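Raw contents of work_29.tsv, TSV, N, CA and C atoms:
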```tsv
chain	number	residue	atom	x	y	z
F	723	MET	N	-23.32	4.37	13.89
F	723	MET	CA	-21.96	4.06	13.52
F	723	MET	C	-21.03	5.14	14.06
F	724	SER	N	-19.75	4.99	13.81
F	724	SER	CA	-18.77	5.85	14.44
F	724	SER	C	-18.22	6.93	13.52
F	725	THR	N	-17.64	7.95	14.15
F	725	THR	CA	-16.93	9.00	13.42
F	725	THR	C	-15.46	8.62	13.39
F	726	VAL	N	-14.85	8.71	12.20
F	726	VAL	CA	-13.48	8.25	11.98
F	726	VAL	C	-12.67	9.36	11.33
F	727	ALA	N	-11.59	9.78	11.97
F	727	ALA	CA	-10.68	10.75	11.36
F	727	ALA	C	-9.70	9.99	10.48
F	728	VAL	N	-9.62	10.37	9.21
F	728	VAL	CA	-8.73	9.73	8.25
F	728	VAL	C	-7.55	10.69	8.02
F	729	ILE	N	-6.47	10.47	8.75
F	729	ILE	CA	-5.31	11.36	8.66
F	729	ILE	C	-4.48	10.96	7.45
F	730	GLY	N	-4.32	11.93	6.55
F	730	GLY	CA	-3.63	11.67	5.30
F	730	GLY	C	-4.59	11.32	4.18
F	731	ALA	N	-5.85	11.68	4.34
F	731	ALA	CA	-6.84	11.42	3.30
F	731	ALA	C	-6.41	12.08	2.00
F	732	SER	N	-6.77	11.45	0.89
F	732	SER	CA	-6.35	11.93	-0.42
F	732	SER	C	-7.51	11.92	-1.41
F	733	PRO	N	-7.55	12.90	-2.31
F	733	PRO	CA	-8.56	12.87	-3.36
F	733	PRO	C	-8.20	11.90	-4.49
F	734	ASP	N	-6.99	11.37	-4.49
F	734	ASP	CA	-6.54	10.42	-5.51
F	734	ASP	C	-7.22	9.07	-5.27
F	735	GLN	N	-8.06	8.66	-6.21
F	735	GLN	CA	-8.86	7.45	-6.04
F	735	GLN	C	-8.02	6.18	-5.95
F	736	GLU	N	-6.77	6.23	-6.33
F	736	GLU	CA	-5.89	5.06	-6.25
F	736	GLU	C	-5.23	4.91	-4.87
F	737	ARG	N	-5.29	5.95	-4.05
F	737	ARG	CA	-4.66	5.91	-2.73
F	737	ARG	C	-5.55	5.13	-1.75
F	738	TYR	N	-4.91	4.38	-0.86
F	738	TYR	CA	-5.67	3.58	0.11
F	738	TYR	C	-6.48	4.47	1.05
F	739	SER	N	-5.98	5.64	1.37
F	739	SER	CA	-6.73	6.53	2.25
F	739	SER	C	-8.04	6.97	1.59
F	740	HIS	N	-8.04	7.15	0.29
F	740	HIS	CA	-9.27	7.50	-0.44
F	740	HIS	C	-10.23	6.31	-0.44
F	741	LYS	N	-9.69	5.13	-0.69
F	741	LYS	CA	-10.52	3.92	-0.67
F	741	LYS	C	-11.13	3.71	0.72
F	742	ALA	N	-10.37	4.03	1.76
F	742	ALA	CA	-10.90	3.91	3.12
F	742	ALA	C	-12.03	4.90	3.35
F	743	MET	N	-11.87	6.13	2.87
F	743	MET	CA	-12.95	7.12	3.00
F	743	MET	C	-14.23	6.58	2.37
F	744	LYS	N	-14.14	6.06	1.15
F	744	LYS	CA	-15.32	5.54	0.44
F	744	LYS	C	-15.94	4.36	1.19
F	745	LEU	N	-15.10	3.41	1.63
F	745	LEU	CA	-15.62	2.22	2.28
F	745	LEU	C	-16.22	2.56	3.65
F	746	LEU	N	-15.60	3.48	4.37
F	746	LEU	CA	-16.18	3.92	5.64
F	746	LEU	C	-17.59	4.49	5.41
F	747	GLN	N	-17.73	5.32	4.37
F	747	GLN	CA	-19.05	5.86	4.04
F	747	GLN	C	-20.04	4.75	3.69
F	748	GLU	N	-19.59	3.81	2.86
F	748	GLU	CA	-20.46	2.70	2.44
F	748	GLU	C	-20.92	1.86	3.62
F	749	LYS	N	-20.07	1.72	4.63
F	749	LYS	CA	-20.38	0.89	5.80
F	749	LYS	C	-21.14	1.67	6.88
F	750	GLY	N	-21.48	2.93	6.59
F	750	GLY	CA	-22.30	3.71	7.51
F	750	GLY	C	-21.55	4.53	8.54
F	751	HIS	N	-20.24	4.58	8.44
F	751	HIS	CA	-19.45	5.41	9.36
F	751	HIS	C	-19.39	6.84	8.81
F	752	THR	N	-18.94	7.76	9.63
F	752	THR	CA	-18.77	9.14	9.22
F	752	THR	C	-17.27	9.45	9.18
F	753	PRO	N	-16.65	9.36	7.99
F	753	PRO	CA	-15.24	9.68	7.90
F	753	PRO	C	-15.01	11.19	7.81
F	754	ILE	N	-14.01	11.65	8.52
F	754	ILE	CA	-13.60	13.05	8.47
F	754	ILE	C	-12.20	13.09	7.88
F	755	PRO	N	-12.04	13.61	6.66
F	755	PRO	CA	-10.70	13.66	6.08
F	755	PRO	C	-9.86	14.75	6.74
F	756	VAL	N	-8.62	14.39	7.08
F	756	VAL	CA	-7.67	15.34	7.67
F	756	VAL	C	-6.48	15.42	6.71
F	757	ALA	N	-6.37	16.55	6.03
F	757	ALA	CA	-5.34	16.74	5.02
F	757	ALA	C	-5.19	18.24	4.76
F	758	PRO	N	-4.06	18.82	5.10
F	758	PRO	CA	-3.94	20.28	5.00
F	758	PRO	C	-3.94	20.85	3.59
F	759	ARG	N	-3.77	20.03	2.57
F	759	ARG	CA	-3.66	20.56	1.21
F	759	ARG	C	-4.94	20.45	0.36
F	760	HIS	N	-6.02	19.99	0.95
F	760	HIS	CA	-7.23	19.76	0.17
F	760	HIS	C	-8.44	20.42	0.83
F	761	ASP	N	-9.47	20.71	0.05
F	761	ASP	CA	-10.69	21.32	0.57
F	761	ASP	C	-11.82	20.32	0.77
F	762	ARG	N	-11.98	19.39	-0.21
F	762	ARG	CA	-13.04	18.38	-0.13
F	762	ARG	C	-12.51	17.07	-0.65
F	763	ILE	N	-12.87	16.00	0.03
F	763	ILE	CA	-12.53	14.64	-0.40
F	763	ILE	C	-13.77	13.79	-0.20
F	764	CYS	N	-14.14	13.06	-1.22
F	764	CYS	CA	-15.35	12.21	-1.17
F	764	CYS	C	-16.57	13.01	-0.75
F	765	GLU	N	-16.68	14.20	-1.31
F	765	GLU	CA	-17.82	15.08	-1.04
F	765	GLU	C	-17.92	15.48	0.42
F	766	THR	N	-16.80	15.47	1.13
F	766	THR	CA	-16.76	15.82	2.54
F	766	THR	C	-15.74	16.94	2.75
F	767	ASP	N	-16.12	17.95	3.53
F	767	ASP	CA	-15.17	19.02	3.84
F	767	ASP	C	-13.98	18.46	4.60
F	768	VAL	N	-12.81	18.95	4.25
F	768	VAL	CA	-11.56	18.48	4.84
F	768	VAL	C	-11.17	19.37	6.01
F	769	CYS	N	-10.66	18.77	7.06
F	769	CYS	CA	-10.06	19.49	8.17
F	769	CYS	C	-8.54	19.50	7.95
F	770	ALA	N	-7.93	20.66	8.11
F	770	ALA	CA	-6.48	20.76	7.92
F	770	ALA	C	-5.74	20.05	9.05
F	771	THR	N	-6.32	20.05	10.25
F	771	THR	CA	-5.72	19.38	11.41
F	771	THR	C	-6.82	18.69	12.21
F	772	CYS	N	-6.41	17.83	13.10
F	772	CYS	CA	-7.38	17.15	13.99
F	772	CYS	C	-8.10	18.15	14.89
F	773	ARG	N	-7.44	19.25	15.20
F	773	ARG	CA	-8.05	20.24	16.10
F	773	ARG	C	-9.28	20.91	15.49
F	774	GLU	N	-9.45	20.81	14.18
F	774	GLU	CA	-10.61	21.40	13.50
F	774	GLU	C	-11.82	20.48	13.47
F	775	ILE	N	-11.66	19.24	13.89
F	775	ILE	CA	-12.75	18.27	13.82
F	775	ILE	C	-13.82	18.62	14.85
F	776	PRO	N	-15.07	18.80	14.39
F	776	PRO	CA	-16.14	19.09	15.34
F	776	PRO	C	-16.65	17.79	15.98
F	777	GLY	N	-16.86	17.82	17.25
F	777	GLY	CA	-17.44	16.66	17.93
F	777	GLY	C	-16.44	15.58	18.27
F	778	ASP	N	-16.97	14.47	18.73
F	778	ASP	CA	-16.15	13.35	19.19
F	778	ASP	C	-15.75	12.44	18.04
F	779	VAL	N	-14.59	11.85	18.17
F	779	VAL	CA	-14.08	10.90	17.19
F	779	VAL	C	-13.82	9.58	17.90
F	780	ASP	N	-14.36	8.50	17.36
F	780	ASP	CA	-14.15	7.17	17.93
F	780	ASP	C	-12.80	6.60	17.53
F	781	THR	N	-12.47	6.74	16.24
F	781	THR	CA	-11.28	6.09	15.69
F	781	THR	C	-10.51	7.07	14.82
F	782	VAL	N	-9.19	7.00	14.91
F	782	VAL	CA	-8.31	7.68	13.96
F	782	VAL	C	-7.66	6.59	13.14
F	783	THR	N	-7.67	6.74	11.81
F	783	THR	CA	-6.96	5.81	10.96
F	783	THR	C	-5.83	6.59	10.28
F	784	MET	N	-4.61	6.13	10.51
F	784	MET	CA	-3.40	6.86	10.13
F	784	MET	C	-2.86	6.37	8.80
F	785	TYR	N	-2.72	7.33	7.87
F	785	TYR	CA	-2.17	7.02	6.56
F	785	TYR	C	-0.93	7.84	6.23
F	786	VAL	N	-0.38	8.56	7.18
F	786	VAL	CA	0.85	9.32	6.93
F	786	VAL	C	2.04	8.55	7.48
F	787	SER	N	3.18	8.75	6.85
F	787	SER	CA	4.39	8.03	7.26
F	787	SER	C	4.84	8.48	8.65
F	788	PRO	N	5.61	7.64	9.34
F	788	PRO	CA	6.11	8.02	10.66
F	788	PRO	C	6.85	9.36	10.66
F	789	ALA	N	7.57	9.66	9.61
F	789	ALA	CA	8.32	10.91	9.53
F	789	ALA	C	7.41	12.14	9.57
F	790	ARG	N	6.17	11.98	9.14
F	790	ARG	CA	5.22	13.10	9.13
F	790	ARG	C	4.26	13.07	10.32
F	791	GLN	N	4.38	12.08	11.19
F	791	GLN	CA	3.44	11.95	12.30
F	791	GLN	C	3.74	12.87	13.48
F	792	ASP	N	4.99	13.30	13.62
F	792	ASP	CA	5.31	14.19	14.75
F	792	ASP	C	4.39	15.40	14.79
F	793	ALA	N	4.02	15.89	13.64
F	793	ALA	CA	3.17	17.07	13.56
F	793	ALA	C	1.73	16.80	13.98
F	794	VAL	N	1.30	15.54	14.06
F	794	VAL	CA	-0.10	15.25	14.35
F	794	VAL	C	-0.36	14.47	15.64
F	795	ILE	N	0.65	13.83	16.20
F	795	ILE	CA	0.40	12.95	17.35
F	795	ILE	C	-0.16	13.71	18.55
F	796	ASP	N	0.36	14.90	18.85
F	796	ASP	CA	-0.19	15.68	19.97
F	796	ASP	C	-1.66	16.03	19.73
F	797	ASP	N	-1.99	16.36	18.48
F	797	ASP	CA	-3.39	16.66	18.14
F	797	ASP	C	-4.26	15.41	18.28
F	798	VAL	N	-3.74	14.26	17.92
F	798	VAL	CA	-4.48	13.01	18.06
F	798	VAL	C	-4.75	12.74	19.54
F	799	ILE	N	-3.75	12.93	20.38
F	799	ILE	CA	-3.93	12.72	21.82
F	799	ILE	C	-4.98	13.68	22.36
F	800	ALA	N	-4.95	14.94	21.93
F	800	ALA	CA	-5.94	15.92	22.38
F	800	ALA	C	-7.34	15.55	21.91
F	801	LEU	N	-7.43	14.91	20.75
F	801	LEU	CA	-8.71	14.47	20.21
F	801	LEU	C	-9.33	13.36	21.06
F	802	ALA	N	-8.48	12.57	21.71
F	802	ALA	CA	-8.89	11.50	22.62
F	802	ALA	C	-9.81	10.46	21.97
F	803	PRO	N	-9.39	9.88	20.84
F	803	PRO	CA	-10.19	8.81	20.26
F	803	PRO	C	-10.07	7.53	21.08
F	804	ARG	N	-10.95	6.60	20.83
F	804	ARG	CA	-10.86	5.29	21.50
F	804	ARG	C	-9.64	4.52	21.01
F	805	ARG	N	-9.33	4.66	19.70
F	805	ARG	CA	-8.21	3.91	19.14
F	805	ARG	C	-7.61	4.64	17.94
F	806	VAL	N	-6.36	4.26	17.63
F	806	VAL	CA	-5.69	4.71	16.42
F	806	VAL	C	-5.27	3.48	15.66
F	807	ILE	N	-5.68	3.40	14.40
F	807	ILE	CA	-5.28	2.31	13.52
F	807	ILE	C	-4.11	2.79	12.67
F	808	PHE	N	-2.99	2.11	12.79
F	808	PHE	CA	-1.81	2.41	11.98
F	808	PHE	C	-1.82	1.45	10.79
F	809	ASN	N	-2.13	1.99	9.62
F	809	ASN	CA	-2.20	1.20	8.40
F	809	ASN	C	-0.79	0.83	7.93
F	810	PRO	N	-0.67	-0.18	7.07
F	810	PRO	CA	0.65	-0.57	6.56
F	810	PRO	C	1.41	0.64	5.99
F	811	GLY	N	2.64	0.79	6.44
F	811	GLY	CA	3.47	1.92	6.04
F	811	GLY	C	3.41	3.08	7.00
F	812	ALA	N	2.42	3.07	7.88
F	812	ALA	CA	2.27	4.15	8.86
F	812	ALA	C	2.65	3.70	10.27
F	813	GLU	N	3.02	2.43	10.43
F	813	GLU	CA	3.36	1.92	11.76
F	813	GLU	C	4.47	2.78	12.37
F	814	ASN	N	4.34	3.06	13.67
F	814	ASN	CA	5.30	3.95	14.33
F	814	ASN	C	5.40	3.59	15.81
F	815	THR	N	6.22	2.61	16.12
F	815	THR	CA	6.35	2.13	17.50
F	815	THR	C	6.84	3.22	18.45
F	816	ASP	N	7.45	4.27	17.92
F	816	ASP	CA	7.94	5.37	18.77
F	816	ASP	C	6.82	6.13	19.47
F	817	VAL	N	5.59	6.07	18.95
F	817	VAL	CA	4.50	6.85	19.55
F	817	VAL	C	3.47	5.98	20.27
F	818	TYR	N	3.59	4.68	20.17
F	818	TYR	CA	2.58	3.80	20.76
F	818	TYR	C	2.44	3.99	22.27
F	819	ASP	N	3.55	4.08	22.98
F	819	ASP	CA	3.49	4.26	24.44
F	819	ASP	C	2.76	5.55	24.81
F	820	ARG	N	3.05	6.63	24.10
F	820	ARG	CA	2.39	7.91	24.39
F	820	ARG	C	0.88	7.79	24.22
F	821	LEU	N	0.46	7.14	23.16
F	821	LEU	CA	-0.97	6.97	22.93
F	821	LEU	C	-1.60	6.12	24.01
F	822	GLU	N	-0.97	4.97	24.30
F	822	GLU	CA	-1.52	4.06	25.31
F	822	GLU	C	-1.55	4.69	26.70
F	823	LYS	N	-0.57	5.49	27.05
F	823	LYS	CA	-0.56	6.18	28.35
F	823	LYS	C	-1.69	7.18	28.46
F	824	ASN	N	-2.22	7.60	27.32
F	824	ASN	CA	-3.36	8.51	27.31
F	824	ASN	C	-4.68	7.78	27.08
F	825	GLY	N	-4.67	6.46	27.27
F	825	GLY	CA	-5.89	5.66	27.19
F	825	GLY	C	-6.37	5.38	25.78
F	826	ILE	N	-5.48	5.50	24.80
F	826	ILE	CA	-5.85	5.28	23.41
F	826	ILE	C	-5.30	3.94	22.95
F	827	GLU	N	-6.17	3.08	22.48
F	827	GLU	CA	-5.76	1.77	21.97
F	827	GLU	C	-4.99	1.93	20.67
F	828	VAL	N	-3.91	1.18	20.52
F	828	VAL	CA	-3.11	1.19	19.30
F	828	VAL	C	-3.36	-0.11	18.55
F	829	VAL	N	-3.66	0.02	17.26
F	829	VAL	CA	-3.93	-1.14	16.41
F	829	VAL	C	-3.08	-1.02	15.16
F	830	GLU	N	-2.30	-2.06	14.87
F	830	GLU	CA	-1.59	-2.14	13.59
F	830	GLU	C	-2.41	-3.03	12.68
F	831	ALA	N	-3.05	-2.43	11.69
F	831	ALA	CA	-3.93	-3.20	10.80
F	831	ALA	C	-4.27	-2.34	9.59
F	832	CYS	N	-4.88	-2.97	8.62
F	832	CYS	CA	-5.37	-2.27	7.44
F	832	CYS	C	-6.85	-1.97	7.64
F	833	THR	N	-7.20	-0.70	7.60
F	833	THR	CA	-8.59	-0.30	7.78
F	833	THR	C	-9.50	-0.97	6.75
F	834	LEU	N	-9.04	-1.09	5.52
F	834	LEU	CA	-9.86	-1.72	4.48
F	834	LEU	C	-10.14	-3.18	4.81
F	835	VAL	N	-9.14	-3.89	5.29
F	835	VAL	CA	-9.33	-5.30	5.66
F	835	VAL	C	-10.28	-5.39	6.85
F	836	LEU	N	-10.09	-4.55	7.86
F	836	LEU	CA	-10.98	-4.57	9.02
F	836	LEU	C	-12.43	-4.33	8.62
F	837	LEU	N	-12.65	-3.37	7.74
F	837	LEU	CA	-14.00	-3.07	7.29
F	837	LEU	C	-14.60	-4.22	6.47
F	838	ASN	N	-13.80	-4.79	5.59
F	838	ASN	CA	-14.30	-5.86	4.70
F	838	ASN	C	-14.50	-7.19	5.40
F	839	THR	N	-13.91	-7.37	6.58
F	839	THR	CA	-14.05	-8.63	7.31
F	839	THR	C	-14.92	-8.50	8.56
F	840	GLY	N	-15.55	-7.34	8.73
F	840	GLY	CA	-16.43	-7.15	9.88
F	840	GLY	C	-15.70	-6.99	11.20
F	841	GLN	N	-14.43	-6.66	11.17
F	841	GLN	CA	-13.64	-6.52	12.41
F	841	GLN	C	-13.44	-5.06	12.82
F	842	PHE	N	-14.01	-4.12	12.07
F	842	PHE	CA	-13.79	-2.72	12.35
F	842	PHE	C	-14.44	-2.33	13.66
```
Would you mind writing the structure in this file as structure tokens?
Amino acid sequence: MSTVAVIGASPDQERYSHKAMKLLQEKGHTPIPVAPRHDRICETDVCATCREIPGDVDTVTMYVSPARQDAVIDDVIALAPRRVIFNPGAENTDVYDRLEKNGIEVVEACTLVLLNTGQF
């Protein structure tokens, strides 16, 4: 299965990013939480930035608002994932061209729905 960076991961069990971490684990993927204010989420060490992620990442799933994405988009491009999933509320058409010009597929979708319907 694939390694997935969860940008905006949260320890709050009610947050969709937390639910995505759990479901990614259940489906056999390796989620890497990216959140500068936390140490561990879902029993996984947190990376403060994408630059701290060891190894290759297949997918980035974005849970931060467009206003907070400026700080991470360059790091995402440097990470060179196959795709970035922009979850509801995180859609940001201002950065799609930059990602696509760097060979990164842009997907507007809900990670939870993709996982639950076998489309991930």
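Nearest residue to Val779 of chain F, choosing from F:Gln791, F:Thr725, F:Ser732, F:Thr815 and counting only C-alpha atoms: F:Thr725.
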Tell me which residues come within 6.5 Å of (-4.5, 1.6, 8.9), as a JSON list (two decimals) with N, CA and C atoms, in the coordinates of the input, counting only N, CA and C atoms in the file's coordinates.
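Dumped everything to part-v5.json:
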```json
[["chain", "number", "residue", "atom", "x", "y", "z"],
["F", 783, "THR", "N", -7.67, 6.74, 11.81],
["F", 783, "THR", "CA", -6.96, 5.81, 10.96],
["F", 783, "THR", "C", -5.83, 6.59, 10.28],
["F", 784, "MET", "N", -4.61, 6.13, 10.51],
["F", 784, "MET", "CA", -3.40, 6.86, 10.13],
["F", 784, "MET", "C", -2.86, 6.37, 8.80],
["F", 785, "TYR", "N", -2.72, 7.33, 7.87],
["F", 785, "TYR", "CA", -2.17, 7.02, 6.56],
["F", 785, "TYR", "C", -0.93, 7.84, 6.23],
["F", 807, "ILE", "N", -5.68, 3.40, 14.40],
["F", 807, "ILE", "CA", -5.28, 2.31, 13.52],
["F", 807, "ILE", "C", -4.11, 2.79, 12.67],
["F", 808, "PHE", "N", -2.99, 2.11, 12.79],
["F", 808, "PHE", "CA", -1.81, 2.41, 11.98],
["F", 808, "PHE", "C", -1.82, 1.45, 10.79],
["F", 809, "ASN", "N", -2.13, 1.99, 9.62],
["F", 809, "ASN", "CA", -2.20, 1.20, 8.40],
["F", 809, "ASN", "C", -0.79, 0.83, 7.93],
["F", 810, "PRO", "N", -0.67, -0.18, 7.07],
["F", 810, "PRO", "CA", 0.65, -0.57, 6.56],
["F", 810, "PRO", "C", 1.41, 0.64, 5.99],
["F", 830, "GLU", "N", -2.30, -2.06, 14.87],
["F", 830, "GLU", "CA", -1.59, -2.14, 13.59],
["F", 830, "GLU", "C", -2.41, -3.03, 12.68],
["F", 831, "ALA", "N", -3.05, -2.43, 11.69],
["F", 831, "ALA", "CA", -3.93, -3.20, 10.80],
["F", 831, "ALA", "C", -4.27, -2.34, 9.59],
["F", 832, "CYS", "N", -4.88, -2.97, 8.62],
["F", 832, "CYS", "CA", -5.37, -2.27, 7.44],
["F", 832, "CYS", "C", -6.85, -1.97, 7.64],
["F", 833, "THR", "N", -7.20, -0.70, 7.60],
["F", 833, "THR", "CA", -8.59, -0.30, 7.78],
["F", 833, "THR", "C", -9.50, -0.97, 6.75],
["F", 834, "LEU", "N", -9.04, -1.09, 5.52],
["F", 834, "LEU", "CA", -9.86, -1.72, 4.48],
["F", 834, "LEU", "C", -10.14, -3.18, 4.81]]
```
Computed interatomic separation between atom C of Ala789 of chain F and atom CA of Pro753 of chain F (Å):
22.8 Å
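With distances restricted to all atoms listed in the file, F:Pro733 is the closest residue to Arg762 of chain F from F:Pro733, F:Ser787, F:Asn814, F:Val828.
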Neighbour list for Ala727 of chain F as a VMD selection string, cut-off 9 Å, only C-alpha atoms, skip fewer than 4 positions in-chain:
chain F and resid 731 752 to 756 772 775 779 to 784
Restricting to only C-alpha atoms, whichever of F:Ile799, F:Ile826, F:Leu745, F:Val786 is closest to Gly811 of chain F is F:Val786
Taking only chain F into account, list the residues labelled alpha helix (DSSP H) by DSSP (computed from the backbone), as JSON, numbers by chain.
{"F": [738, 739, 740, 741, 742, 743, 744, 745, 746, 747, 748, 788, 789, 790, 791, 792, 793, 794, 795, 796, 797, 798, 799, 800, 801, 815, 816, 817, 818, 819, 820, 821, 822, 823, 833, 834, 835, 836, 837, 838]}
What are the DSSP strand (DSSP E) residues of segment 763-818 of chain F, as an MDAnalysis selection string?
chainID F and resid 763 766:767 781:784 805:808
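Note that atom N of Ala793 of chain F and atom CA of Leu821 of chain F are 13.8 Å apart.
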Between atom CA of Pro803 of chain F and atom CA of Val728 of chain F, what distance in Å does the model show, to one decimal?
12.1 Å
